[in-house]
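Here the structure comes first, spelled out in structure tokens, and everything after it is commentary.
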Amino acid sequence: MSSTEPSELRHTALDALHRSLGATMTDFAGWDMPLRYGSERDEHIAVRTKAGLFDLSHMGEITVTGAGAAALLNHALVGNIASVGVGRARYTMICRADGGILDDLIVYRLAETEYMVVANASNAQVVLDALVERSAGFDAEVRDDRDAYALIAVQGPESPGILKSLTDADLDGLKYYAGLPGTVAGVPALIARTGYTGEDGFELFVRPEHAVELWQALTKAGEGVGLVPCGLSCRDTLRLEAGMPLYGHELTTSLTPFDAGLGRVVKFEKEGDFVGREALAEAAARAEQNPPRVLVGLVAEGRRVPRAGYAVVAGGEVIGEVTSGAPSPTLGKPIAMAYVDAAHAAPGTEGVGVDIRGSHEPYEVVALPFYKRQK
Amino acid sequence: MSNPQQLRYSKEHEWLSAAEDGVSTVGITEFAANALGDVVYAQLPEVGSTVTAGETCGELESTKSVSDLYSPVTGEVTEINEDVVNDPSLVNSAPFEGGWLFKVRVAEEPADLLSADEYTAQNAG
């Protein structure tokens with residue numbers, strides 16, 4: 001449990017509501033956030049089978065506007081942001097000049113000359129500072145909009161039906177990784193078909209003063225179909241099952257996107273230079289010729305849960321390290337993501353284990369993700 | 001939540017029943033179970049082993065963390081709850097009943113075990 005004084009923590013617009021729901025709160029990147037409301041396993045299963053409601057207001061929104069906004073983001077980020085159509089979104093990364101990952105991001109193109117960059121709470125200041133620094137010489141303005149938005153996500157197979165009952169927006173026309181402005185329950189919202197759960201779902205960016213009203217309307221609309229409030233604990237197990245990386249675990253400044261198996265987000269073919277290009281080109285060549293450790297999935301044969309930092313072993317030798325681990329509610333077994341030496345990375349590799357506090361527990365190497373929804 | 005009056009409690013959130021024929025039952029409190037979250041794995045002491053008051057004798061693993069299990073008394077373990085080994089969620093659903101952890105033939109009790117009221121007050125503070 002955190003020893004930080006509650007007064008030092010930031011609170012979202014939904015704070016009083018979480019407390020009235022009996023949430024267990026946790027310090028997450030300086031924010032006092034719901035960890036779980038009841039059983040995190042039940043919350044996880046609700047998102048997989050029905051629907052879950054999340055407060056994600058800790059995420060960091062940064063708005064980039066101006067005639068040079070696209071050129072700035074193409075220079076500052078590794079993706080081809082200029083090619084994103086208006087109303088669409090892109091998963092991308094921001095790297096240092098040495099190729100190290102500063103953060104992974106979702107960038108929404110709201111208009112021809114307006115983008116919203118969504119950073120992880122823990123990195124929002126770093127991303128903001130980097131974008132401001134990199135904007136020199138571009139005809140673009142970088143604006144800190146962290147306090148301008150609350151973010152509520154509704155995720156799970158019932159989420160389209162729940163949202164349809166509250167909006168006239170064309171949800172059927174809203175593809176995965178797209179976003180459009182609309183009105184939900186009478187509240188102006190940017191409606192995005194994104195998420196971090198491996199399920200269909202939506203993220204709703206609204207003004208903080210509208211957050212409680214929207215949360216309550218979604219709760220009511222979802223009453224009959226099993227919608228439950230969900231905390232960050234199940235968000236972590238949902239993204240882990242879906243094989244999605246988490247900054248600080250699978251992604252760090254000491255890794256390039258190529259080391260993380262996500263080299264596809266780096267677009268060398270885009271116009272102009274971008275921060276990290278040279279180092280990333282070298283990292284790409286290195287990854288091709290002499291692969292570093294590979295990010296793999298591990299599934300336990302026993303019940304003991306691997307945790308971040310635990311050693312992956314084979315034949316008494318350390319061959320890797322766990323980056324995230326948890327009991328998987330869907331598989332009914334502990335699972336983990338881990339970086340392991342390429343020689344042991346093939347699915348089905350024999351003799352791989354995790355050192356769980358001194359005892360070598362057998363694990364099966366599998367391809368990621370652990371879970372893929374049926375469409 | 002209320003802590004049963006007939007039990008006594010350690011500061012580390014274990015409970016201990018009154019001895020019957022010298023044997024007491026040990027579990028963790030509802031307060032502790034709620035703080036842990038869903039328990040997914042319980043490593044309990046072996047039957048026949050000796051546990052020591054205030055020392056670790058096993059571990060409870062939840063979705064987010066692993067926590068040491070402390071013995072509230074010193075003595076020999078006579079039985080462990082196999083139901084909890086097979087279904088650790090019993091610790092969450094019935095911490096004072098079906099989610100008990102082990103039974104111990106008490107050799108020595110520390111002087112600082114708490115009453116239900118004292119334990120409740122400790123957690124409120």
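Every chain in the structure tokens takes a letter, A first, then B, and so on in the order presented; its residues are numbered from 1, and the ligands are numbered from 1 following the presented order.
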For the contact check between chain A and chain B, emit one row per residue of chain A within 12 Å, containing the shortest atom pair and the distance in Å rounded to one decimal, counting only C-alpha atoms, chain then rising number order, as JSON lines.
{"residue": "A:Met1", "atom": "CA", "partner": "B:Ala35", "partner_atom": "CA", "distance": 8.6}
{"residue": "A:Ser2", "atom": "CA", "partner": "B:Ala35", "partner_atom": "CA", "distance": 12.0}
{"residue": "A:Gly22", "atom": "CA", "partner": "B:Asn34", "partner_atom": "CA", "distance": 11.5}
{"residue": "A:Ala23", "atom": "CA", "partner": "B:Asn34", "partner_atom": "CA", "distance": 11.0}
{"residue": "A:Thr24", "atom": "CA", "partner": "B:Ala35", "partner_atom": "CA", "distance": 8.3}
{"residue": "A:Met25", "atom": "CA", "partner": "B:Ala35", "partner_atom": "CA", "distance": 10.5}
{"residue": "A:Thr26", "atom": "CA", "partner": "B:Ala35", "partner_atom": "CA", "distance": 11.1}
{"residue": "A:Leu35", "atom": "CA", "partner": "B:Gly37", "partner_atom": "CA", "distance": 9.6}
{"residue": "A:Arg36", "atom": "CA", "partner": "B:Gly37", "partner_atom": "CA", "distance": 8.4}
{"residue": "A:Tyr37", "atom": "CA", "partner": "B:Gly37", "partner_atom": "CA", "distance": 10.1}
{"residue": "A:Gly38", "atom": "CA", "partner": "B:Gly37", "partner_atom": "CA", "distance": 8.3}
{"residue": "A:Ser39", "atom": "CA", "partner": "B:Asp38", "partner_atom": "CA", "distance": 6.2}
{"residue": "A:Glu40", "atom": "CA", "partner": "B:Asp38", "partner_atom": "CA", "distance": 6.8}
{"residue": "A:Arg41", "atom": "CA", "partner": "B:Asp38", "partner_atom": "CA", "distance": 7.0}
{"residue": "A:Asp42", "atom": "CA", "partner": "B:Asp38", "partner_atom": "CA", "distance": 9.5}
{"residue": "A:Glu43", "atom": "CA", "partner": "B:Asp38", "partner_atom": "CA", "distance": 11.2}
{"residue": "A:His44", "atom": "CA", "partner": "B:Thr63", "partner_atom": "CA", "distance": 11.3}
{"residue": "A:Gly231", "atom": "CA", "partner": "B:Gly37", "partner_atom": "CA", "distance": 11.9}
{"residue": "A:Leu232", "atom": "CA", "partner": "B:Lys64", "partner_atom": "CA", "distance": 10.6}
{"residue": "A:Ser233", "atom": "CA", "partner": "B:Lys64", "partner_atom": "CA", "distance": 7.3}
{"residue": "A:Cys234", "atom": "CA", "partner": "B:Thr63", "partner_atom": "CA", "distance": 8.9}
{"residue": "A:Arg235", "atom": "CA", "partner": "B:Thr63", "partner_atom": "CA", "distance": 11.8}
{"residue": "A:Asp236", "atom": "CA", "partner": "B:Lys64", "partner_atom": "CA", "distance": 9.5}
{"residue": "A:Thr237", "atom": "CA", "partner": "B:Thr63", "partner_atom": "CA", "distance": 8.5}
{"residue": "A:Gly302", "atom": "CA", "partner": "B:Tyr41", "partner_atom": "CA", "distance": 9.8}
{"residue": "A:Arg303", "atom": "CA", "partner": "B:Tyr41", "partner_atom": "CA", "distance": 6.3}
{"residue": "A:Arg304", "atom": "CA", "partner": "B:Tyr41", "partner_atom": "CA", "distance": 6.5}
{"residue": "A:Val305", "atom": "CA", "partner": "B:Glu61", "partner_atom": "CA", "distance": 7.5}
{"residue": "A:Pro306", "atom": "CA", "partner": "B:Ser65", "partner_atom": "CA", "distance": 10.0}
{"residue": "A:Arg307", "atom": "CA", "partner": "B:Ser65", "partner_atom": "CA", "distance": 8.3}
{"residue": "A:Ala308", "atom": "CA", "partner": "B:Ser65", "partner_atom": "CA", "distance": 10.6}
{"residue": "A:Ser324", "atom": "CA", "partner": "B:Lys64", "partner_atom": "CA", "distance": 10.6}
{"residue": "A:Gly325", "atom": "CA", "partner": "B:Lys64", "partner_atom": "CA", "distance": 9.0}
{"residue": "A:Ala326", "atom": "CA", "partner": "B:Thr63", "partner_atom": "CA", "distance": 5.9}
{"residue": "A:Pro327", "atom": "CA", "partner": "B:Thr63", "partner_atom": "CA", "distance": 6.0}
{"residue": "A:Ser328", "atom": "CA", "partner": "B:Thr63", "partner_atom": "CA", "distance": 8.8}
{"residue": "A:Pro329", "atom": "CA", "partner": "B:Thr63", "partner_atom": "CA", "distance": 9.7}
{"residue": "A:Gly332", "atom": "CA", "partner": "B:Val40", "partner_atom": "CA", "distance": 9.8}
{"residue": "A:Lys333", "atom": "CA", "partner": "B:Val40", "partner_atom": "CA", "distance": 9.4}
{"residue": "A:Pro334", "atom": "CA", "partner": "B:Val40", "partner_atom": "CA", "distance": 9.1}
{"residue": "A:Ile335", "atom": "CA", "partner": "B:Thr63", "partner_atom": "CA", "distance": 11.1}
{"residue": "A:Ile356", "atom": "CA", "partner": "B:Val66", "partner_atom": "CA", "distance": 10.9}
{"residue": "A:Arg357", "atom": "CA", "partner": "B:Val66", "partner_atom": "CA", "distance": 10.5}
Hey, what's within 8 Å of stretch 183-197 of chain A if we count only C-alpha atoms and toss same-chain stuff fewer than 6 positions away? As a list in words, please? Val47, Ala153, Gln155, Leu163, Leu166, Thr167, Asp168, Ala169, Leu174, Lys175, Tyr176, Tyr177, Glu203, Leu204, Phe205, Val206, Arg207, His210, Leu214, Ala217, Arg235, Leu238, Arg239, Ala242 and Met244 of chain A
Just write the chosen residues, N, CA and C atoms, as an mmCIF file, in the first residue's frame.
data_model
loop_
_atom_site.group_PDB
_atom_site.id
_atom_site.type_symbol
_atom_site.label_atom_id
_atom_site.label_comp_id
_atom_site.auth_asym_id
_atom_site.auth_seq_id
_atom_site.Cartn_x
_atom_site.Cartn_y
_atom_site.Cartn_z
ATOM 1 N N VAL A 47 -15.837 -7.463 -18.401
ATOM 2 C CA VAL A 47 -15.378 -6.804 -19.633
ATOM 3 C C VAL A 47 -15.272 -7.815 -20.782
ATOM 4 N N ALA A 153 -14.047 5.214 -20.190
ATOM 5 C CA ALA A 153 -14.067 4.145 -21.193
ATOM 6 C C ALA A 153 -15.179 3.156 -20.860
ATOM 7 N N GLN A 155 -16.034 -0.630 -22.150
ATOM 8 C CA GLN A 155 -15.357 -1.689 -22.883
ATOM 9 C C GLN A 155 -16.095 -3.012 -22.712
ATOM 10 N N LEU A 163 -23.778 2.310 -25.603
ATOM 11 C CA LEU A 163 -23.504 3.665 -26.101
ATOM 12 C C LEU A 163 -24.572 4.109 -27.102
ATOM 13 N N LEU A 166 -27.475 6.010 -25.948
ATOM 14 C CA LEU A 166 -27.228 7.349 -25.383
ATOM 15 C C LEU A 166 -26.761 8.366 -26.411
ATOM 16 N N THR A 167 -26.623 7.939 -27.674
ATOM 17 C CA THR A 167 -26.099 8.876 -28.671
ATOM 18 C C THR A 167 -26.694 8.615 -30.049
ATOM 19 N N ASP A 168 -26.761 9.685 -30.850
ATOM 20 C CA ASP A 168 -27.174 9.550 -32.247
ATOM 21 C C ASP A 168 -25.969 9.394 -33.161
ATOM 22 N N ALA A 169 -24.776 9.460 -32.594
ATOM 23 C CA ALA A 169 -23.568 9.358 -33.416
ATOM 24 C C ALA A 169 -23.555 8.020 -34.161
ATOM 25 N N LEU A 174 -18.150 3.970 -37.089
ATOM 26 C CA LEU A 174 -16.930 4.329 -36.354
ATOM 27 C C LEU A 174 -16.059 3.085 -36.212
ATOM 28 N N LYS A 175 -14.971 3.063 -36.984
ATOM 29 C CA LYS A 175 -14.110 1.882 -36.994
ATOM 30 C C LYS A 175 -13.175 1.869 -35.783
ATOM 31 N N TYR A 176 -12.541 0.709 -35.578
ATOM 32 C CA TYR A 176 -11.500 0.594 -34.560
ATOM 33 C C TYR A 176 -10.405 1.611 -34.882
ATOM 34 N N TYR A 177 -9.936 2.313 -33.872
ATOM 35 C CA TYR A 177 -8.955 3.381 -34.023
ATOM 36 C C TYR A 177 -9.480 4.535 -34.879
ATOM 37 N N GLU A 203 -13.755 4.990 -25.896
ATOM 38 C CA GLU A 203 -13.206 5.916 -24.919
ATOM 39 C C GLU A 203 -13.840 7.274 -25.191
ATOM 40 N N LEU A 204 -14.353 7.898 -24.139
ATOM 41 C CA LEU A 204 -15.109 9.129 -24.266
ATOM 42 C C LEU A 204 -14.360 10.253 -23.553
ATOM 43 N N PHE A 205 -13.862 11.198 -24.346
ATOM 44 C CA PHE A 205 -13.166 12.357 -23.788
ATOM 45 C C PHE A 205 -14.189 13.466 -23.601
ATOM 46 N N VAL A 206 -14.377 13.891 -22.364
ATOM 47 C CA VAL A 206 -15.388 14.918 -22.072
ATOM 48 C C VAL A 206 -14.785 15.972 -21.149
ATOM 49 N N ARG A 207 -15.472 17.079 -21.001
ATOM 50 C CA ARG A 207 -15.015 18.076 -20.039
ATOM 51 C C ARG A 207 -15.226 17.533 -18.633
ATOM 52 N N HIS A 210 -18.547 17.427 -16.860
ATOM 53 C CA HIS A 210 -19.587 16.540 -17.387
ATOM 54 C C HIS A 210 -19.365 15.076 -17.025
ATOM 55 N N LEU A 214 -22.100 11.858 -17.201
ATOM 56 C CA LEU A 214 -21.899 10.831 -18.219
ATOM 57 C C LEU A 214 -21.739 9.452 -17.573
ATOM 58 N N ALA A 217 -25.103 8.218 -16.493
ATOM 59 C CA ALA A 217 -25.945 7.825 -17.632
ATOM 60 C C ALA A 217 -25.495 6.474 -18.192
ATOM 61 N N ARG A 235 -7.871 -3.726 -15.567
ATOM 62 C CA ARG A 235 -7.351 -3.163 -16.822
ATOM 63 C C ARG A 235 -5.976 -3.760 -17.130
ATOM 64 N N LEU A 238 -6.462 -7.399 -18.255
ATOM 65 C CA LEU A 238 -7.088 -7.423 -19.585
ATOM 66 C C LEU A 238 -6.055 -7.122 -20.673
ATOM 67 N N ARG A 239 -5.223 -6.095 -20.438
ATOM 68 C CA ARG A 239 -4.230 -5.743 -21.470
ATOM 69 C C ARG A 239 -3.136 -6.808 -21.549
ATOM 70 N N ALA A 242 -4.343 -9.583 -23.613
ATOM 71 C CA ALA A 242 -4.390 -9.141 -25.008
ATOM 72 C C ALA A 242 -2.983 -8.895 -25.578
ATOM 73 N N MET A 244 -0.822 -6.602 -24.860
ATOM 74 C CA MET A 244 -0.509 -5.188 -25.094
ATOM 75 C C MET A 244 0.557 -4.727 -24.109
#
Fewer than 2 positions away in the same chain doesn't count, so skip those; otherwise give me all residues within 8 Å of stretch 129-140 of chain A, counting only C-alpha atoms, as a PyMOL selection string. chain A and resi 64-69+71-72+75-76+125-127+142
Can you write out the residues you just picked, keeping N, CA and C atoms, as a tab-separated table (two decimals), in the first residue's frame?
chain	number	residue	atom	x	y	z
A	64	VAL	N	-2.11	19.48	-30.27
A	64	VAL	CA	-1.15	20.10	-31.19
A	64	VAL	C	-1.95	20.69	-32.35
A	65	THR	N	-1.82	22.01	-32.55
A	65	THR	CA	-2.60	22.69	-33.59
A	65	THR	C	-1.68	23.52	-34.47
A	66	GLY	N	-2.21	23.89	-35.61
A	66	GLY	CA	-1.48	24.81	-36.50
A	66	GLY	C	-1.18	24.19	-37.84
A	67	ALA	N	-0.83	25.04	-38.77
A	67	ALA	CA	-0.55	24.59	-40.15
A	67	ALA	C	0.59	23.58	-40.17
A	68	GLY	N	1.50	23.70	-39.18
A	68	GLY	CA	2.64	22.79	-39.15
A	68	GLY	C	2.47	21.63	-38.17
A	69	ALA	N	1.26	21.39	-37.71
A	69	ALA	CA	1.04	20.35	-36.69
A	69	ALA	C	1.46	18.96	-37.19
A	71	ALA	N	3.53	18.24	-39.63
A	71	ALA	CA	4.99	18.18	-39.84
A	71	ALA	C	5.71	18.05	-38.50
A	72	LEU	N	5.24	18.77	-37.48
A	72	LEU	CA	5.86	18.66	-36.15
A	72	LEU	C	5.76	17.23	-35.63
A	75	HIS	N	7.99	14.83	-37.22
A	75	HIS	CA	9.38	15.03	-36.77
A	75	HIS	C	9.57	14.49	-35.35
A	76	ALA	N	8.57	14.69	-34.50
A	76	ALA	CA	8.74	14.39	-33.07
A	76	ALA	C	8.47	12.92	-32.75
A	125	GLN	N	4.26	14.49	-18.60
A	125	GLN	CA	5.11	15.68	-18.53
A	125	GLN	C	6.31	15.54	-19.47
A	126	VAL	N	6.89	14.35	-19.48
A	126	VAL	CA	8.05	14.10	-20.35
A	126	VAL	C	7.67	14.29	-21.82
A	127	VAL	N	6.50	13.75	-22.19
A	127	VAL	CA	6.04	13.87	-23.58
A	127	VAL	C	5.76	15.33	-23.91
A	142	VAL	N	1.79	23.63	-29.14
A	142	VAL	CA	1.62	22.45	-28.29
A	142	VAL	C	0.95	22.92	-27.00
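Residue nearest B:Ala53, chosen from B:Ala33, B:Leu101, B:Ala18, B:Ala111 and counting only C-alpha atoms: B:Ala111.
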Expected answer as number ranges by chain: strand (DSSP E) residues in chain B: B: 8-9, 14-16, 23-28, 39-43, 50-51, 56-62, 66-70, 74-80, 102-108
Spatial neighbours of A:Gly351, 9 Å, only C-alpha atoms, chain gap at least 4 places, as a PDB file with C-alpha atoms, in the first residue's frame:
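Listed below is the output, result39.pdb:
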ATOM      1  CA  VAL A 313      15.546 -19.683 -16.471  1.00  0.00           C
ATOM      2  CA  ALA A 314      16.470 -22.725 -18.571  1.00  0.00           C
ATOM      3  CA  GLY A 315      18.986 -25.391 -17.627  1.00  0.00           C
ATOM      4  CA  PRO A 362       7.846 -24.684 -15.219  1.00  0.00           C
ATOM      5  CA  TYR A 363       6.361 -22.399 -17.873  1.00  0.00           C
ATOM      6  CA  GLU A 364       5.272 -22.903 -21.458  1.00  0.00           C
TER       7      GLU A 364
END
From a DSSP pass on the backbone, collect the residues of chain B flagged as alpha helix (DSSP H) and hand them back as a PyMOL selection string. chain B and resi 30-36+82-86+90-93+116-124
Calculate how many Å separate atom CA of A:Arg19 from atom CA of B:Ser89, rounding to one decimal.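 Interatomic distance here is 24.5 Å.
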Using only C-alpha atoms, which of the listed residues (B:Ser2, B:Glu97, B:Arg8, B:Val84) sits closest to B:Leu113?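 Among the listed residues, the smallest separation from B:Leu113 belongs to B:Arg8.
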Find the distance between atom CA of B:Glu109 and atom CA of B:Thr74 and write it in Å to one decimal. 6.3 Å
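Note that atom CA of A:Glu282 and atom CA of A:Ala346 are 24.4 Å apart.
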Which residue of A:Leu128, A:Cys95, A:Val228, A:Ala221 approaches A:Ala46 most closely, using only C-alpha atoms: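 Of all the options, A:Val228 lies closest to A:Ala46.
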For B:Val106: contacts at 9 Å, only C-alpha atoms, fewer than 6 positions along chain excluded, given as a tab-separated table (two decimals) with N, CA and C atoms, in the first residue's frame:
chain	number	residue	atom	x	y	z
B	19	ALA	N	-8.72	-22.38	21.75
B	19	ALA	CA	-8.24	-23.75	21.58
B	19	ALA	C	-9.31	-24.77	21.99
B	22	GLY	N	-6.53	-28.15	22.89
B	22	GLY	CA	-5.19	-27.62	22.65
B	22	GLY	C	-4.93	-27.18	21.23
B	23	VAL	N	-5.93	-27.32	20.34
B	23	VAL	CA	-5.73	-26.99	18.93
B	23	VAL	C	-6.56	-25.76	18.55
B	24	SER	N	-5.91	-24.78	17.95
B	24	SER	CA	-6.59	-23.56	17.49
B	24	SER	C	-6.56	-23.48	15.97
B	73	VAL	N	0.73	-17.68	16.58
B	73	VAL	CA	1.15	-18.44	17.77
B	73	VAL	C	2.30	-19.39	17.41
B	74	THR	N	2.90	-19.97	18.45
B	74	THR	CA	3.94	-20.98	18.25
B	74	THR	C	3.32	-22.35	18.50
B	75	GLY	N	3.64	-23.33	17.64
B	75	GLY	CA	3.12	-24.67	17.84
B	75	GLY	C	3.30	-25.55	16.63
B	76	GLU	N	2.70	-26.73	16.68
B	76	GLU	CA	2.84	-27.69	15.59
B	76	GLU	C	1.57	-27.68	14.73
B	77	VAL	N	1.77	-27.63	13.42
B	77	VAL	CA	0.64	-27.61	12.49
B	77	VAL	C	0.02	-29.01	12.43
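Excluding B:Thr78 itself and any same-chain residue fewer than 3 positions from it, the protein and nucleic acid residues within 10 Å of it, counting only C-alpha atoms, are Val23, Ser24, Thr25, Pro45, Glu46, Val47, Gly48, Ser49, Thr50, Gly75, Phe102, Lys103, Val104 and Arg105 of chain B.
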